$ cat query-v5.cif   # mmCIF, C-alpha atoms, pLDDT in the B column; chains and numbers go by the auth columns
data_run
loop_
_atom_site.group_PDB
_atom_site.id
_atom_site.type_symbol
_atom_site.label_atom_id
_atom_site.label_comp_id
_atom_site.label_asym_id
_atom_site.label_seq_id
_atom_site.Cartn_x
_atom_site.Cartn_y
_atom_site.Cartn_z
_atom_site.B_iso_or_equiv
_atom_site.auth_seq_id
_atom_site.auth_asym_id
ATOM 1 C CA MET A 1 -114.174 305.893 -33.253 84.00 286 A
ATOM 2 C CA SER A 2 -111.845 308.654 -34.340 92.00 287 A
ATOM 3 C CA SER A 3 -111.706 310.563 -37.592 97.00 288 A
ATOM 4 C CA TYR A 4 -108.427 310.647 -39.448 98.00 289 A
ATOM 5 C CA VAL A 5 -107.471 312.989 -42.274 98.00 290 A
ATOM 6 C CA LEU A 6 -104.332 312.011 -44.143 98.00 291 A
ATOM 7 C CA ILE A 7 -103.108 314.729 -46.489 98.00 292 A
ATOM 8 C CA GLU A 8 -101.092 313.249 -49.340 96.00 293 A
ATOM 9 C CA SER A 9 -98.932 315.813 -51.146 96.00 294 A
ATOM 10 C CA ARG A 10 -96.454 313.465 -52.828 94.00 295 A
ATOM 11 C CA ASP A 11 -96.380 312.119 -56.355 93.00 296 A
ATOM 12 C CA PRO A 12 -96.657 308.303 -56.134 90.00 297 A
ATOM 13 C CA PHE A 13 -94.855 307.941 -59.462 90.00 298 A
ATOM 14 C CA GLU A 14 -91.848 309.821 -58.091 88.00 299 A
ATOM 15 C CA SER A 15 -91.592 308.232 -54.673 80.00 300 A
ATOM 16 C CA ARG A 16 -92.736 304.854 -53.382 81.00 301 A
ATOM 17 C CA ASP A 17 -93.126 306.215 -49.879 87.00 302 A
ATOM 18 C CA THR A 18 -96.747 307.029 -50.682 86.00 303 A
ATOM 19 C CA GLN A 19 -97.215 303.405 -49.648 90.00 304 A
ATOM 20 C CA PHE A 20 -97.055 304.769 -46.101 91.00 305 A
ATOM 21 C CA VAL A 21 -100.387 306.475 -46.607 93.00 306 A
ATOM 22 C CA VAL A 22 -101.950 303.380 -48.163 93.00 307 A
ATOM 23 C CA GLU A 23 -100.919 301.107 -45.309 94.00 308 A
ATOM 24 C CA THR A 24 -101.724 303.627 -42.568 96.00 309 A
ATOM 25 C CA ALA A 25 -105.118 304.597 -43.975 97.00 310 A
ATOM 26 C CA ALA A 26 -106.133 301.000 -44.663 96.00 311 A
ATOM 27 C CA GLU A 27 -105.165 299.817 -41.181 97.00 312 A
ATOM 28 C CA LEU A 28 -106.924 302.724 -39.479 97.00 313 A
ATOM 29 C CA LYS A 29 -110.052 301.923 -41.482 97.00 314 A
ATOM 30 C CA ARG A 30 -109.880 298.225 -40.578 96.00 315 A
ATOM 31 C CA ARG A 31 -109.805 299.257 -36.919 97.00 316 A
ATOM 32 C CA GLY A 32 -113.166 300.988 -37.311 96.00 317 A
ATOM 33 C CA ASN A 33 -112.129 304.606 -37.767 97.00 318 A
ATOM 34 C CA ASP A 34 -113.464 307.138 -40.231 97.00 319 A
ATOM 35 C CA VAL A 35 -110.572 307.750 -42.634 98.00 320 A
ATOM 36 C CA LYS A 36 -110.247 310.336 -45.366 98.00 321 A
ATOM 37 C CA VAL A 37 -107.282 310.844 -47.701 98.00 322 A
ATOM 38 C CA PHE A 38 -107.075 314.378 -49.096 98.00 323 A
ATOM 39 C CA LEU A 39 -104.888 314.621 -52.203 98.00 324 A
ATOM 40 C CA VAL A 40 -103.099 317.923 -52.733 98.00 325 A
ATOM 41 C CA GLN A 41 -100.202 319.253 -54.840 97.00 326 A
ATOM 42 C CA ASN A 42 -98.521 316.388 -56.746 96.00 327 A
ATOM 43 C CA GLY A 43 -100.574 313.933 -54.712 96.00 328 A
ATOM 44 C CA VAL A 44 -103.383 314.424 -57.239 96.00 329 A
ATOM 45 C CA LEU A 45 -101.298 312.948 -60.082 95.00 330 A
ATOM 46 C CA ALA A 46 -102.529 309.447 -59.233 92.00 331 A
ATOM 47 C CA ALA A 47 -106.160 310.549 -59.441 95.00 332 A
ATOM 48 C CA ARG A 48 -106.602 310.081 -63.194 94.00 333 A
ATOM 49 C CA LYS A 49 -108.702 307.000 -63.923 91.00 334 A
ATOM 50 C CA ASN A 50 -106.256 305.900 -66.608 90.00 335 A
ATOM 51 C CA ALA A 51 -103.206 306.164 -64.298 89.00 336 A
ATOM 52 C CA ARG A 52 -101.481 302.783 -64.263 86.00 337 A
ATOM 53 C CA ASN A 53 -100.565 301.232 -60.927 83.00 338 A
ATOM 54 C CA SER A 54 -102.252 303.980 -58.923 88.00 339 A
ATOM 55 C CA HIS A 55 -102.455 303.198 -55.213 90.00 340 A
ATOM 56 C CA LEU A 56 -105.842 304.885 -54.913 92.00 341 A
ATOM 57 C CA PRO A 57 -108.180 302.040 -56.041 92.00 342 A
ATOM 58 C CA ARG A 58 -106.912 299.905 -53.155 92.00 343 A
ATOM 59 C CA LEU A 59 -107.788 302.656 -50.694 95.00 344 A
ATOM 60 C CA ALA A 60 -111.272 302.913 -52.154 95.00 345 A
ATOM 61 C CA GLU A 61 -111.692 299.143 -51.805 95.00 346 A
ATOM 62 C CA GLU A 62 -110.772 299.487 -48.126 95.00 347 A
ATOM 63 C CA GLY A 63 -113.569 302.022 -47.662 96.00 348 A
ATOM 64 C CA VAL A 64 -111.337 305.082 -47.320 97.00 349 A
ATOM 65 C CA THR A 65 -112.888 308.330 -48.549 98.00 350 A
ATOM 66 C CA LEU A 66 -110.797 309.918 -51.306 98.00 351 A
ATOM 67 C CA LEU A 67 -110.860 313.681 -51.867 98.00 352 A
ATOM 68 C CA ALA A 68 -108.812 315.750 -54.325 98.00 353 A
ATOM 69 C CA ASP A 69 -108.034 319.465 -54.096 98.00 354 A
ATOM 70 C CA ASP A 70 -109.619 321.316 -57.034 98.00 355 A
ATOM 71 C CA PHE A 71 -106.828 323.937 -57.233 98.00 356 A
ATOM 72 C CA SER A 72 -104.139 321.235 -57.455 98.00 357 A
ATOM 73 C CA LEU A 73 -106.133 319.388 -60.130 98.00 358 A
ATOM 74 C CA ARG A 74 -106.527 322.501 -62.304 98.00 359 A
ATOM 75 C CA GLU A 75 -102.837 323.429 -61.888 97.00 360 A
ATOM 76 C CA ARG A 76 -101.964 320.036 -63.377 97.00 361 A
ATOM 77 C CA GLY A 77 -104.573 320.093 -66.138 97.00 362 A
ATOM 78 C CA ILE A 78 -106.710 317.344 -64.633 96.00 363 A
ATOM 79 C CA GLN A 79 -110.423 317.755 -65.306 95.00 364 A
ATOM 80 C CA THR A 80 -113.235 316.376 -63.165 94.00 365 A
ATOM 81 C CA GLY A 81 -114.239 313.872 -65.848 94.00 366 A
ATOM 82 C CA GLU A 82 -110.741 312.369 -65.832 95.00 367 A
ATOM 83 C CA LEU A 83 -110.906 311.357 -62.167 96.00 368 A
ATOM 84 C CA PHE A 84 -111.013 307.801 -60.902 94.00 369 A
ATOM 85 C CA SER A 85 -114.675 307.194 -60.048 93.00 370 A
ATOM 86 C CA ASP A 86 -114.187 306.853 -56.283 95.00 371 A
ATOM 87 C CA ILE A 87 -112.462 310.243 -55.952 97.00 372 A
ATOM 88 C CA THR A 88 -114.517 313.306 -55.080 97.00 373 A
ATOM 89 C CA GLU A 89 -113.289 316.708 -56.156 98.00 374 A
ATOM 90 C CA SER A 90 -112.938 318.882 -53.062 98.00 375 A
ATOM 91 C CA SER A 91 -111.389 322.165 -51.913 98.00 376 A
ATOM 92 C CA ILE A 92 -109.183 323.784 -49.289 98.00 377 A
ATOM 93 C CA ASP A 93 -112.318 325.190 -47.662 98.00 378 A
ATOM 94 C CA ALA A 94 -113.640 321.649 -47.237 98.00 379 A
ATOM 95 C CA LEU A 95 -110.277 320.523 -45.849 98.00 380 A
ATOM 96 C CA VAL A 96 -110.367 323.287 -43.222 98.00 381 A
ATOM 97 C CA ASP A 97 -113.852 322.147 -42.180 98.00 382 A
ATOM 98 C CA LEU A 98 -112.480 318.627 -41.721 98.00 383 A
ATOM 99 C CA LEU A 99 -109.494 319.881 -39.712 98.00 384 A
ATOM 100 C CA VAL A 100 -111.661 321.621 -37.128 97.00 385 A
ATOM 101 C CA GLY A 101 -114.123 318.739 -36.884 95.00 386 A
ATOM 102 C CA GLU A 102 -114.749 316.867 -33.647 92.00 387 A
ATOM 103 C CA ASN A 103 -112.160 314.300 -32.572 93.00 388 A
ATOM 104 C CA THR A 104 -110.164 314.574 -35.783 97.00 389 A
ATOM 105 C CA LYS A 105 -106.502 313.699 -36.171 97.00 390 A
ATOM 106 C CA VAL A 106 -104.517 314.961 -39.141 98.00 391 A
ATOM 107 C CA ILE A 107 -101.292 313.748 -40.731 97.00 392 A
ATOM 108 C CA TRP A 108 -99.485 315.555 -43.560 97.00 393 A
ATOM 109 C CA HIS A 109 -97.413 313.409 -45.874 96.00 394 A
ATOM 110 C CA MET B 1 -121.016 328.125 -31.439 53.00 65 B
ATOM 111 C CA SER B 2 -117.680 327.822 -29.630 78.00 66 B
ATOM 112 C CA GLU B 3 -114.647 329.467 -31.178 94.00 67 B
ATOM 113 C CA LYS B 4 -112.200 327.266 -33.039 97.00 68 B
ATOM 114 C CA THR B 5 -108.462 327.586 -33.454 98.00 69 B
ATOM 115 C CA LEU B 6 -106.197 325.881 -35.941 98.00 70 B
ATOM 116 C CA THR B 7 -102.435 325.672 -35.425 98.00 71 B
ATOM 117 C CA LEU B 8 -99.956 325.083 -38.248 98.00 72 B
ATOM 118 C CA ALA B 9 -96.251 324.327 -37.976 98.00 73 B
ATOM 119 C CA LEU B 10 -94.330 325.261 -41.136 98.00 74 B
ATOM 120 C CA MET B 11 -90.751 324.322 -41.986 98.00 75 B
ATOM 121 C CA ASP B 12 -90.187 324.956 -45.702 98.00 76 B
ATOM 122 C CA PRO B 13 -88.261 328.064 -46.783 97.00 77 B
ATOM 123 C CA PRO B 14 -89.833 330.412 -49.350 97.00 78 B
ATOM 124 C CA TYR B 15 -89.736 329.658 -53.086 95.00 79 B
ATOM 125 C CA GLU B 16 -88.844 325.992 -52.538 95.00 80 B
ATOM 126 C CA SER B 17 -92.009 323.977 -52.185 95.00 81 B
ATOM 127 C CA ALA B 18 -95.715 324.010 -52.997 97.00 82 B
ATOM 128 C CA ASN B 19 -96.181 323.327 -49.280 97.00 83 B
ATOM 129 C CA SER B 20 -95.911 327.067 -48.608 97.00 84 B
ATOM 130 C CA THR B 21 -98.662 327.896 -51.097 97.00 85 B
ATOM 131 C CA THR B 22 -100.948 325.245 -49.639 98.00 86 B
ATOM 132 C CA ALA B 23 -100.252 326.506 -46.120 98.00 87 B
ATOM 133 C CA PHE B 24 -101.184 330.054 -47.139 98.00 88 B
ATOM 134 C CA ARG B 25 -104.395 328.738 -48.715 98.00 89 B
ATOM 135 C CA ILE B 26 -105.319 326.860 -45.534 98.00 90 B
ATOM 136 C CA ILE B 27 -104.602 329.904 -43.338 98.00 91 B
ATOM 137 C CA SER B 28 -106.595 332.202 -45.627 98.00 92 B
ATOM 138 C CA SER B 29 -109.562 329.833 -45.752 98.00 93 B
ATOM 139 C CA ALA B 30 -109.604 329.335 -41.993 98.00 94 B
ATOM 140 C CA LEU B 31 -109.476 333.069 -41.260 98.00 95 B
ATOM 141 C CA LYS B 32 -112.285 333.746 -43.737 97.00 96 B
ATOM 142 C CA LYS B 33 -114.369 331.130 -41.910 98.00 97 B
ATOM 143 C CA GLY B 34 -113.776 332.990 -38.618 97.00 98 B
ATOM 144 C CA ILE B 35 -111.343 330.389 -37.290 98.00 99 B
ATOM 145 C CA HIS B 36 -108.392 331.708 -35.271 98.00 100 B
ATOM 146 C CA VAL B 37 -105.030 330.580 -36.654 98.00 101 B
ATOM 147 C CA ASN B 38 -101.670 330.074 -34.968 98.00 102 B
ATOM 148 C CA VAL B 39 -98.563 329.623 -37.097 98.00 103 B
ATOM 149 C CA PHE B 40 -95.256 328.407 -35.734 98.00 104 B
ATOM 150 C CA ALA B 41 -92.591 328.956 -38.395 98.00 105 B
ATOM 151 C CA TYR B 42 -89.611 326.721 -37.811 97.00 106 B
ATOM 152 C CA GLU B 43 -86.282 326.233 -39.614 97.00 107 B
ATOM 153 C CA GLY B 44 -86.334 327.745 -43.126 97.00 108 B
ATOM 154 C CA ALA B 45 -89.948 328.863 -42.785 98.00 109 B
ATOM 155 C CA VAL B 46 -88.821 331.864 -40.721 98.00 110 B
ATOM 156 C CA ASN B 47 -87.651 333.390 -44.029 98.00 111 B
ATOM 157 C CA LEU B 48 -91.220 333.428 -45.349 98.00 112 B
ATOM 158 C CA ALA B 49 -91.853 336.698 -43.490 98.00 113 B
ATOM 159 C CA MET B 50 -88.487 338.352 -44.136 97.00 114 B
ATOM 160 C CA LYS B 51 -89.056 342.008 -45.016 96.00 115 B
ATOM 161 C CA ASP B 52 -85.927 342.252 -47.207 95.00 116 B
ATOM 162 C CA GLN B 53 -87.490 340.141 -49.973 96.00 117 B
ATOM 163 C CA SER B 54 -87.964 342.092 -53.195 94.00 118 B
ATOM 164 C CA PRO B 55 -89.647 341.268 -56.494 92.00 119 B
ATOM 165 C CA HIS B 56 -87.450 341.125 -59.562 92.00 120 B
ATOM 166 C CA PRO B 57 -87.597 341.636 -63.347 94.00 121 B
ATOM 167 C CA ASN B 58 -87.145 338.710 -65.729 94.00 122 B
ATOM 168 C CA PRO B 59 -84.048 339.320 -67.871 93.00 123 B
ATOM 169 C CA VAL B 60 -84.737 336.193 -69.952 95.00 124 B
ATOM 170 C CA LYS B 61 -88.089 337.540 -71.109 93.00 125 B
ATOM 171 C CA GLY B 62 -87.000 341.179 -70.894 96.00 126 B
ATOM 172 C CA THR B 63 -89.890 342.054 -68.585 96.00 127 B
ATOM 173 C CA THR B 64 -89.818 344.697 -65.868 97.00 128 B
ATOM 174 C CA VAL B 65 -90.560 344.303 -62.162 95.00 129 B
ATOM 175 C CA GLU B 66 -94.014 345.776 -62.746 95.00 130 B
ATOM 176 C CA GLU B 67 -94.752 343.484 -65.694 95.00 131 B
ATOM 177 C CA GLU B 68 -93.635 340.416 -63.756 93.00 132 B
ATOM 178 C CA ASP B 69 -95.719 341.397 -60.701 92.00 133 B
ATOM 179 C CA HIS B 70 -93.721 338.784 -58.825 89.00 134 B
ATOM 180 C CA PRO B 71 -95.453 337.589 -55.634 92.00 135 B
ATOM 181 C CA THR B 72 -93.413 337.489 -52.441 97.00 136 B
ATOM 182 C CA THR B 73 -94.186 335.373 -49.413 98.00 137 B
ATOM 183 C CA LYS B 74 -93.760 338.406 -47.138 98.00 138 B
ATOM 184 C CA ASN B 75 -96.647 340.094 -48.983 97.00 139 B
ATOM 185 C CA PHE B 76 -98.817 337.000 -48.644 98.00 140 B
ATOM 186 C CA ILE B 77 -98.139 337.018 -44.893 98.00 141 B
ATOM 187 C CA SER B 78 -98.857 340.740 -44.597 98.00 142 B
ATOM 188 C CA SER B 79 -102.218 340.166 -46.307 98.00 143 B
ATOM 189 C CA LEU B 80 -103.023 337.295 -43.946 98.00 144 B
ATOM 190 C CA VAL B 81 -102.004 339.412 -40.929 98.00 145 B
ATOM 191 C CA GLU B 82 -104.411 342.104 -42.151 97.00 146 B
ATOM 192 C CA ILE B 83 -107.281 339.582 -42.418 97.00 147 B
ATOM 193 C CA GLY B 84 -106.401 338.156 -39.006 97.00 148 B
ATOM 194 C CA LYS B 85 -105.667 341.351 -37.101 96.00 149 B
ATOM 195 C CA ASP B 86 -108.520 341.076 -34.624 93.00 150 B
ATOM 196 C CA SER B 87 -111.196 338.393 -34.709 93.00 151 B
ATOM 197 C CA PRO B 88 -110.407 335.936 -36.068 97.00 152 B
ATOM 198 C CA LEU B 89 -106.831 336.378 -34.972 97.00 153 B
ATOM 199 C CA LEU B 90 -103.702 335.263 -36.802 98.00 154 B
ATOM 200 C CA ASN B 91 -100.885 334.653 -34.324 98.00 155 B
ATOM 201 C CA TRP B 92 -97.639 334.144 -36.297 98.00 156 B
ATOM 202 C CA VAL B 93 -94.537 333.158 -34.320 98.00 157 B
ATOM 203 C CA ASN B 94 -91.066 332.707 -35.820 98.00 158 B
ATOM 204 C CA CYS B 95 -88.644 330.370 -34.023 98.00 159 B
ATOM 205 C CA GLY B 96 -86.075 332.725 -32.525 98.00 160 B
ATOM 206 C CA LEU B 97 -83.064 330.432 -32.796 97.00 161 B
ATOM 207 C CA CYS B 98 -83.924 329.685 -36.430 97.00 162 B
ATOM 208 C CA VAL B 99 -84.162 333.437 -37.075 98.00 163 B
ATOM 209 C CA ASP B 100 -80.745 334.070 -35.514 98.00 164 B
ATOM 210 C CA GLU B 101 -79.104 331.265 -37.493 97.00 165 B
ATOM 211 C CA ARG B 102 -80.429 332.741 -40.740 97.00 166 B
ATOM 212 C CA GLY B 103 -80.088 336.453 -39.925 96.00 167 B
ATOM 213 C CA ALA B 104 -83.794 336.750 -40.641 96.00 168 B
ATOM 214 C CA ALA B 105 -84.851 339.088 -37.831 96.00 169 B
ATOM 215 C CA ASN B 106 -86.264 341.756 -40.142 97.00 170 B
ATOM 216 C CA ALA B 107 -89.779 340.373 -40.462 97.00 171 B
ATOM 217 C CA VAL B 108 -92.980 342.072 -41.627 98.00 172 B
ATOM 218 C CA GLU B 109 -95.345 343.551 -39.042 97.00 173 B
ATOM 219 C CA GLY B 110 -97.535 341.102 -37.188 97.00 174 B
ATOM 220 C CA VAL B 111 -94.842 338.438 -36.891 98.00 175 B
ATOM 221 C CA ARG B 112 -93.256 337.923 -33.495 97.00 176 B
ATOM 222 C CA ARG B 113 -90.331 335.969 -32.113 98.00 177 B
ATOM 223 C CA GLY B 114 -90.866 332.876 -29.975 98.00 178 B
ATOM 224 C CA GLY B 115 -89.768 329.314 -29.392 97.00 179 B
ATOM 225 C CA PRO B 116 -90.906 325.698 -29.252 96.00 180 B
ATOM 226 C CA ALA B 117 -92.697 326.380 -25.948 97.00 181 B
ATOM 227 C CA ASP B 118 -95.036 328.678 -27.895 98.00 182 B
ATOM 228 C CA PHE B 119 -95.790 325.847 -30.291 98.00 183 B
ATOM 229 C CA LEU B 120 -96.612 323.498 -27.410 98.00 184 B
ATOM 230 C CA LYS B 121 -98.979 326.081 -25.915 98.00 185 B
ATOM 231 C CA MET B 122 -100.592 326.692 -29.301 98.00 186 B
ATOM 232 C CA ALA B 123 -101.149 322.981 -29.865 97.00 187 B
ATOM 233 C CA LEU B 124 -102.586 322.414 -26.398 98.00 188 B
ATOM 234 C CA GLU B 125 -105.066 325.274 -26.806 97.00 189 B
ATOM 235 C CA SER B 126 -106.121 324.527 -30.395 97.00 190 B
ATOM 236 C CA THR B 127 -108.956 322.577 -31.949 97.00 191 B
ATOM 237 C CA ASN B 128 -106.363 320.849 -34.113 98.00 192 B
ATOM 238 C CA THR B 129 -102.730 321.082 -35.176 98.00 193 B
ATOM 239 C CA LEU B 130 -101.301 320.465 -38.631 98.00 194 B
ATOM 240 C CA VAL B 131 -97.562 319.937 -38.989 98.00 195 B
ATOM 241 C CA ILE B 132 -96.291 320.438 -42.546 98.00 196 B
ATOM 242 C CA PRO B 133 -92.750 319.060 -42.528 96.00 197 B
ATOM 243 C CA THR B 134 -90.039 319.323 -45.144 91.00 198 B
ATOM 244 C CA ARG B 135 -89.461 316.077 -47.025 77.00 199 B
#
$ encode --input "query-v5.cif" --output "structure tokens"
Amino acid sequence: MSSYVLIESRDPFESRDTQFVVETAAELKRRGNDVKVFLVQNGVLAARKNARNSHLPRLAEEGVTLLADDFSLRERGIQTGELFSDITESSIDALVDLLVGENTKVIWH
Amino acid sequence: MSEKTLTLALMDPPYESANSTTAFRIISSALKKGIHVNVFAYEGAVNLAMKDQSPHPNPVKGTTVEEEDHPTTKNFISSLVEIGKDSPLLNWVNCGLCVDERGAANAVEGVRRGGPADFLKMALESTNTLVIPTR
């Protein structure tokens, strides 16, 4: 089993190519890998629990771990209590720990 | 505990994308954790370290250079070079051909010229490699 970290920086309401992350993360998870999606920059805009048509609930249903960068959330006025319940607020420090973890592959999108 | 090294490839030019800010945050965090960092700046990212950058006033608001306290990417890099001057080490390489194309040879101290072969070596010798591409 490998660990995958997919860093999503894009706003899903601006570009439909965020579907790439959904399909890639879900398929990697189905194949038995540990998969985390780290939302950063405009990638956090789908993290609000009242966001319509967010792609994130599907990822949670697939068992993908969802993390959101605290700095990016605050920049965009998103508070912890506004987050979709399956998203954990995280940090760049935590991302760096993931990046140097054993047998970890990382993709920036 | 064995030493760890993180390599980043950057491509965005300064003042264009939040990618640069996030990259600086990752580099800073890694260095503060004692992780060595390699950076290969490619394409427009070679301008991040260009020494000729200067802060500016804001004529719309009527504020001075000092009041604006405008951050420059060259200053961010100089600060990171200072943190990573020994151990952990920050090894920042600008793509030489990209530098020549852009006339961006005047870089801040701690930034050296190299090529894609440096990036390959960095990646092979690192714990992990993160490529942050332009869109």
$ resolve_selection --input "query-v5.cif" --expression "the PyMOL selection byres ((chain B) within 6 of (chain A))" --output "number ranges by chain"
B: 93, 191, 196
$ resolve_selection --input "query-v5.cif" --expression "the PyMOL selection byres ((chain B and resi 138-146) around 7)" --output "PDB file with C-alpha atoms, keeping the file's coordinate frame"
ATOM      1  CA  SER B  92    -106.595 332.202 -45.627  1.00 98.00           C
ATOM      2  CA  LEU B 112     -91.220 333.428 -45.349  1.00 98.00           C
ATOM      3  CA  ALA B 113     -91.853 336.698 -43.490  1.00 98.00           C
ATOM      4  CA  MET B 114     -88.487 338.352 -44.136  1.00 97.00           C
ATOM      5  CA  LYS B 115     -89.056 342.008 -45.016  1.00 96.00           C
ATOM      6  CA  THR B 136     -93.413 337.489 -52.441  1.00 97.00           C
ATOM      7  CA  THR B 137     -94.186 335.373 -49.413  1.00 98.00           C
ATOM      8  CA  ILE B 147    -107.281 339.582 -42.418  1.00 97.00           C
ATOM      9  CA  GLY B 148    -106.401 338.156 -39.006  1.00 97.00           C
ATOM     10  CA  LYS B 149    -105.667 341.351 -37.101  1.00 96.00           C
ATOM     11  CA  LEU B 154    -103.702 335.263 -36.802  1.00 98.00           C
ATOM     12  CA  VAL B 172     -92.980 342.072 -41.627  1.00 98.00           C
ATOM     13  CA  GLY B 174     -97.535 341.102 -37.188  1.00 97.00           C
TER      14      GLY B 174
END
$ closest_residue --input "query-v5.cif" --among "B:Asp150, B:Ala181, B:Tyr79, B:Arg176" --to "His134 in chain B" --atoms "all atoms listed in the file"
B:Tyr79
$ resolve_selection --input "query-v5.cif" --expression "the PyMOL selection byres ((chain B and resi 158) around 8)" --output "number ranges by chain"
B: 104-106, 110, 156-157, 159-160, 162-163, 175-179
$ residues_around --input "query-v5.cif" --residues "Ala94 in chain B" --least-positions-apart "2" --cutoff "9 Å" --atoms "all atoms listed in the file" --output "PyMOL selection string"
(chain A and resi 378+381-382) or (chain B and resi 69-70+89-92+96-101+152)
$ atom_distance --input "query-v5.cif" --atom1 "CA of Leu184 in chain B" --atom2 "CA of Asp164 in chain B"
20.7 Å
$ residues_around --input "query-v5.cif" --residues "Leu291 in chain A" --least-positions-apart "4" --cutoff "12 Å" --atoms "only C-alpha atoms" --output "PyMOL selection string"
(chain A and resi 295+303+305-311+313-314+319-325+328+344+349-353+380+383-384+389-394) or (chain B and resi 194-196)
$ atom_distance --input "query-v5.cif" --atom1 "CA of Ala87 in chain B" --atom2 "CA of Val103 in chain B"
9.7 Å
$ residues_around --input "query-v5.cif" --residues "Leu368 in chain A" --least-positions-apart "4" --cutoff "10 Å" --atoms "only C-alpha atoms" --output "ChimeraX atom specification"
/A:329-336,353,358,363-364,372-374
$ closest_residue --input "query-v5.cif" --among "A:Ser370, A:His340, A:Asn318, A:Gly348" --to "Glu293 in chain A" --atoms "all atoms listed in the file"
A:His340
$ atom_distance --input "query-v5.cif" --atom1 "CA of Lys185 in chain B" --atom2 "CA of Glu67 in chain B"
16.9 Å
$ decode --input "query-v5.cif" --residues "range 84-96 of chain B" --atoms "N, CA, C and O atoms" --output "mmCIF file, in the first residue's frame"
data_model
loop_
_atom_site.group_PDB
_atom_site.id
_atom_site.type_symbol
_atom_site.label_atom_id
_atom_site.label_comp_id
_atom_site.auth_asym_id
_atom_site.auth_seq_id
_atom_site.Cartn_x
_atom_site.Cartn_y
_atom_site.Cartn_z
ATOM 1 N N SER B 84 3.095 30.755 -5.519
ATOM 2 C CA SER B 84 4.402 31.196 -5.004
ATOM 3 C C SER B 84 4.354 31.333 -3.486
ATOM 4 O O SER B 84 5.274 30.902 -2.784
ATOM 5 N N THR B 85 3.272 31.941 -2.989
ATOM 6 C CA THR B 85 3.129 32.109 -1.540
ATOM 7 C C THR B 85 3.090 30.757 -0.842
ATOM 8 O O THR B 85 3.755 30.546 0.182
ATOM 9 N N THR B 86 2.328 29.828 -1.393
ATOM 10 C CA THR B 86 2.247 28.500 -0.780
ATOM 11 C C THR B 86 3.606 27.812 -0.818
ATOM 12 O O THR B 86 4.006 27.160 0.158
ATOM 13 N N ALA B 87 4.321 27.960 -1.917
ATOM 14 C CA ALA B 87 5.659 27.353 -2.005
ATOM 15 C C ALA B 87 6.580 27.918 -0.927
ATOM 16 O O ALA B 87 7.289 27.163 -0.252
ATOM 17 N N PHE B 88 6.551 29.236 -0.741
ATOM 18 C CA PHE B 88 7.391 29.842 0.298
ATOM 19 C C PHE B 88 7.009 29.316 1.681
ATOM 20 O O PHE B 88 7.868 29.082 2.530
ATOM 21 N N ARG B 89 5.716 29.135 1.897
ATOM 22 C CA ARG B 89 5.254 28.612 3.205
ATOM 23 C C ARG B 89 5.756 27.186 3.419
ATOM 24 O O ARG B 89 6.166 26.816 4.517
ATOM 25 N N ILE B 90 5.707 26.373 2.377
ATOM 26 C CA ILE B 90 6.181 24.987 2.499
ATOM 27 C C ILE B 90 7.685 24.964 2.780
ATOM 28 O O ILE B 90 8.158 24.235 3.661
ATOM 29 N N ILE B 91 8.437 25.782 2.045
ATOM 30 C CA ILE B 91 9.899 25.824 2.226
ATOM 31 C C ILE B 91 10.238 26.278 3.644
ATOM 32 O O ILE B 91 11.075 25.675 4.327
ATOM 33 N N SER B 92 9.568 27.342 4.091
ATOM 34 C CA SER B 92 9.820 27.870 5.435
ATOM 35 C C SER B 92 9.518 26.816 6.499
ATOM 36 O O SER B 92 10.319 26.596 7.425
ATOM 37 N N SER B 93 8.376 26.167 6.378
ATOM 38 C CA SER B 93 7.987 25.154 7.357
ATOM 39 C C SER B 93 8.983 23.995 7.389
ATOM 40 O O SER B 93 9.394 23.547 8.469
ATOM 41 N N ALA B 94 9.380 23.548 6.208
ATOM 42 C CA ALA B 94 10.317 22.417 6.147
ATOM 43 C C ALA B 94 11.652 22.781 6.797
ATOM 44 O O ALA B 94 12.192 22.003 7.601
ATOM 45 N N LEU B 95 12.173 23.955 6.478
ATOM 46 C CA LEU B 95 13.460 24.368 7.052
ATOM 47 C C LEU B 95 13.365 24.472 8.574
ATOM 48 O O LEU B 95 14.278 24.052 9.292
ATOM 49 N N LYS B 96 12.250 25.003 9.059
ATOM 50 C CA LYS B 96 12.087 25.151 10.515
ATOM 51 C C LYS B 96 11.946 23.804 11.211
ATOM 52 O O LYS B 96 12.174 23.692 12.413
#
